[in-house]
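Reading through the structure tokens given below for one structure.
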Amino acid sequence: MKKRRISESREKHGSGKAMTAGAAVIVTIAFMAGYGVSLTALRDILLCHMLILAGAADIATREIPDRFHLLIVLTGLIGFRPVSALSGFLLVPLPFLIAALKTGKIGGGDVKLMAASGFALGVFDGFRMMFWGLLTALLWHLIVDGEKDSLPLVPFLAFGCFVSLFS
């Protein structure tokens with residue numbers, strides 16, 4: 001019985017790794033096609049890759065390792081704009097922080113992820129990331145996972161970041 005569970009887990013995570021790799025390839029191709037070889041493309045590719053990997057961790061464990069927050073902030077140093085970065089760091093996570101304190105249903109990792117993303121993206125793109133990510137999560141919850149009480153947000157926020165950077 002235990003061998004069967006291990007085998008099922010390997011199959012499940014194996015397909016997750018393939019989906020993660022596929023998403024990373026699509027992101028890389030899209031940004032290279034859109035921006036060519038540039039610092040903007042590099043920053044956006046690295047940012048989306050970090051969010052994709054953080055999303056995979058969130059799906060697997062419902063936790064976001066702190067290394068992803070740090071790597072996202074470091075990615076934000078490419079083409080660094082101090083006012084935009086610091087205001088994004090302070091303002092973008094506020095709705096998540098308020099929701100976390102009021103409901104307890106949003107984890108600290110999500111708040112830290114939005115702070116790091118706000119630093120990398122700035123206020124405007126940070127809020128657009130949040131809008132598209134939460135909209136996608138809501139639609140997913142209503143259409144696919146309606147019976148579950150919660151879902152990992154980071155995969156949806158990663159998608160929101162991708163959409164935000166292309167819109």
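The way I read the labels, and the way they are meant: chains A, B, ... in the order of the structure tokens, residue 1 as the first residue of every chain, and ligand 1 as the first ligand shown, with later ones counted on from there.
Proximity to A:Lys112 at 7 Å, evaluated using only C-alpha atoms and with sequence-adjacent residues fewer than 4 positions away removed, yields A:His69, A:Gly108, A:Ala116.
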Which residues of stretch 92-134 of chain A come within 12 Å of stretch 38-49 of chain A, and what is each one's closest atom pair and distance in Å (one decimal), counting only C-alpha atoms, sorted by chain and residue number, as JSON lines?
```
{"residue": "A:Leu113", "atom": "CA", "partner": "A:Leu47", "partner_atom": "CA", "distance": 11.4}
{"residue": "A:Ala116", "atom": "CA", "partner": "A:Leu47", "partner_atom": "CA", "distance": 10.2}
{"residue": "A:Ser117", "atom": "CA", "partner": "A:Leu47", "partner_atom": "CA", "distance": 8.2}
{"residue": "A:Gly118", "atom": "CA", "partner": "A:Leu47", "partner_atom": "CA", "distance": 11.3}
{"residue": "A:Phe119", "atom": "CA", "partner": "A:Leu47", "partner_atom": "CA", "distance": 11.1}
{"residue": "A:Ala120", "atom": "CA", "partner": "A:Leu47", "partner_atom": "CA", "distance": 7.8}
{"residue": "A:Leu121", "atom": "CA", "partner": "A:Leu47", "partner_atom": "CA", "distance": 9.1}
{"residue": "A:Asp125", "atom": "CA", "partner": "A:Asp44", "partner_atom": "CA", "distance": 11.7}
{"residue": "A:Met129", "atom": "CA", "partner": "A:Cys48", "partner_atom": "CA", "distance": 11.2}
```
Write the residues of the preceding selection, restricted to N, CA and C atoms, as a PDB file, in the first residue's frame.
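Output file part_26.pdb follows:
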```pdb
ATOM      1  N   LEU A 113       5.160  37.537  -0.778  1.00  0.00           N
ATOM      2  CA  LEU A 113       5.306  37.404  -2.229  1.00  0.00           C
ATOM      3  C   LEU A 113       4.803  38.657  -2.936  1.00  0.00           C
ATOM      4  N   ALA A 116       7.395  41.454  -2.420  1.00  0.00           N
ATOM      5  CA  ALA A 116       8.544  41.250  -3.312  1.00  0.00           C
ATOM      6  C   ALA A 116       8.163  41.561  -4.758  1.00  0.00           C
ATOM      7  N   SER A 117       6.978  41.125  -5.172  1.00  0.00           N
ATOM      8  CA  SER A 117       6.517  41.385  -6.537  1.00  0.00           C
ATOM      9  C   SER A 117       6.276  42.875  -6.749  1.00  0.00           C
ATOM     10  N   GLY A 118       5.734  43.547  -5.747  1.00  0.00           N
ATOM     11  CA  GLY A 118       5.550  44.993  -5.826  1.00  0.00           C
ATOM     12  C   GLY A 118       6.880  45.709  -5.982  1.00  0.00           C
ATOM     13  N   PHE A 119       7.902  45.217  -5.298  1.00  0.00           N
ATOM     14  CA  PHE A 119       9.244  45.791  -5.437  1.00  0.00           C
ATOM     15  C   PHE A 119       9.748  45.620  -6.869  1.00  0.00           C
ATOM     16  N   ALA A 120       9.562  44.429  -7.430  1.00  0.00           N
ATOM     17  CA  ALA A 120      10.061  44.140  -8.774  1.00  0.00           C
ATOM     18  C   ALA A 120       9.245  44.833  -9.863  1.00  0.00           C
ATOM     19  N   LEU A 121       7.938  44.952  -9.651  1.00  0.00           N
ATOM     20  CA  LEU A 121       7.055  45.463 -10.700  1.00  0.00           C
ATOM     21  C   LEU A 121       6.678  46.929 -10.553  1.00  0.00           C
ATOM     22  N   ASP A 125       1.940  47.860 -12.030  1.00  0.00           N
ATOM     23  CA  ASP A 125       1.987  46.468 -12.495  1.00  0.00           C
ATOM     24  C   ASP A 125       1.762  45.483 -11.357  1.00  0.00           C
ATOM     25  N   MET A 129      -1.019  42.716 -11.537  1.00  0.00           N
ATOM     26  CA  MET A 129      -0.717  41.306 -11.268  1.00  0.00           C
ATOM     27  C   MET A 129      -1.738  40.732 -10.292  1.00  0.00           C
TER      28      MET A 129
END
```
Please compute the atom CA of A:Glu147-atom CA of A:Ser164 distance, one decimal, in Å.
28.7 Å
Within 9 Å of A:Arg128 using only C-alpha atoms, minus same-chain residues under 4 positions, as a list in words:
Val123, Phe124, Trp132, Gly133, Gly160, Cys161, Val163, Ser164 and Leu165 of chain A
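Nearest residue to A:Pro152 among A:Gly122, A:Pro93, A:Gly109, A:Gly55 is A:Gly55, counting only C-alpha atoms.
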Would you please give, as a ChimeraX atom specification, all residues of stretch 33-121 of chain A that DSSP assigns to helix (DSSP H, G or I) based on the backbone?
/A:33-35,39-61,66-75,82-91,94-103,108-121
Write the selection just made, keeping C-alpha atoms, as a CSV table (one decimal), in the first residue's frame?
```csv
chain,number,residue,atom,x,y,z
A,33,ALA,CA,9.7,37.5,-28.9
A,34,GLY,CA,8.2,40.6,-27.3
A,35,TYR,CA,11.3,42.3,-26.1
A,39,LEU,CA,17.3,43.9,-19.7
A,40,THR,CA,13.5,44.1,-19.7
A,41,ALA,CA,13.2,40.7,-21.2
A,42,LEU,CA,15.7,39.3,-18.7
A,43,ARG,CA,14.0,40.8,-15.7
A,44,ASP,CA,10.5,39.7,-16.8
A,45,ILE,CA,11.7,36.2,-17.7
A,46,LEU,CA,13.5,35.8,-14.3
A,47,LEU,CA,10.5,37.2,-12.4
A,48,CYS,CA,8.0,34.9,-14.1
A,49,HIS,CA,10.3,31.9,-13.6
A,50,MET,CA,10.6,32.7,-9.9
A,51,LEU,CA,6.8,33.0,-9.6
A,52,ILE,CA,6.3,29.7,-11.6
A,53,LEU,CA,8.7,27.9,-9.2
A,54,ALA,CA,7.1,29.5,-6.2
A,55,GLY,CA,3.7,28.4,-7.5
A,56,ALA,CA,4.9,24.8,-7.9
A,57,ALA,CA,6.1,24.9,-4.3
A,58,ASP,CA,2.8,26.4,-3.2
A,59,ILE,CA,0.8,23.7,-4.9
A,60,ALA,CA,3.0,20.9,-3.5
A,61,THR,CA,3.3,22.1,0.1
A,66,ASP,CA,11.6,32.5,1.6
A,67,ARG,CA,14.3,32.1,-1.1
A,68,PHE,CA,11.7,32.9,-3.7
A,69,HIS,CA,10.8,36.2,-2.0
A,70,LEU,CA,14.5,37.1,-1.9
A,71,LEU,CA,15.1,36.1,-5.6
A,72,ILE,CA,12.1,38.2,-6.7
A,73,VAL,CA,13.4,41.2,-4.9
A,74,LEU,CA,16.9,40.6,-6.5
A,75,THR,CA,15.2,40.4,-9.9
A,82,PRO,CA,13.9,53.4,-6.4
A,83,VAL,CA,10.6,55.3,-6.0
A,84,SER,CA,8.6,52.7,-8.0
A,85,ALA,CA,10.2,49.7,-6.2
A,86,LEU,CA,9.8,51.0,-2.7
A,87,SER,CA,6.3,52.3,-3.2
A,88,GLY,CA,5.4,48.9,-4.8
A,89,PHE,CA,7.0,47.1,-1.8
A,90,LEU,CA,4.9,49.1,0.6
A,91,LEU,CA,1.5,49.4,-1.2
A,94,LEU,CA,-1.5,45.9,1.8
A,95,PRO,CA,-4.8,44.3,0.5
A,96,PHE,CA,-3.3,40.9,1.2
A,97,LEU,CA,-2.1,41.9,4.6
A,98,ILE,CA,-5.5,43.3,5.6
A,99,ALA,CA,-7.2,40.1,4.3
A,100,ALA,CA,-4.7,38.0,6.2
A,101,LEU,CA,-5.3,39.9,9.4
A,102,LYS,CA,-9.1,40.0,9.1
A,103,THR,CA,-9.8,36.5,7.8
A,108,GLY,CA,2.2,35.3,5.3
A,109,GLY,CA,4.0,33.8,2.4
A,110,ASP,CA,1.4,35.3,0.0
A,111,VAL,CA,1.8,38.8,1.7
A,112,LYS,CA,5.6,38.5,1.4
A,113,LEU,CA,5.3,37.4,-2.2
A,114,MET,CA,3.2,40.4,-3.1
A,115,ALA,CA,5.6,42.7,-1.3
A,116,ALA,CA,8.5,41.3,-3.3
A,117,SER,CA,6.5,41.4,-6.5
A,118,GLY,CA,5.5,45.0,-5.8
A,119,PHE,CA,9.2,45.8,-5.4
A,120,ALA,CA,10.1,44.1,-8.8
A,121,LEU,CA,7.1,45.5,-10.7
```
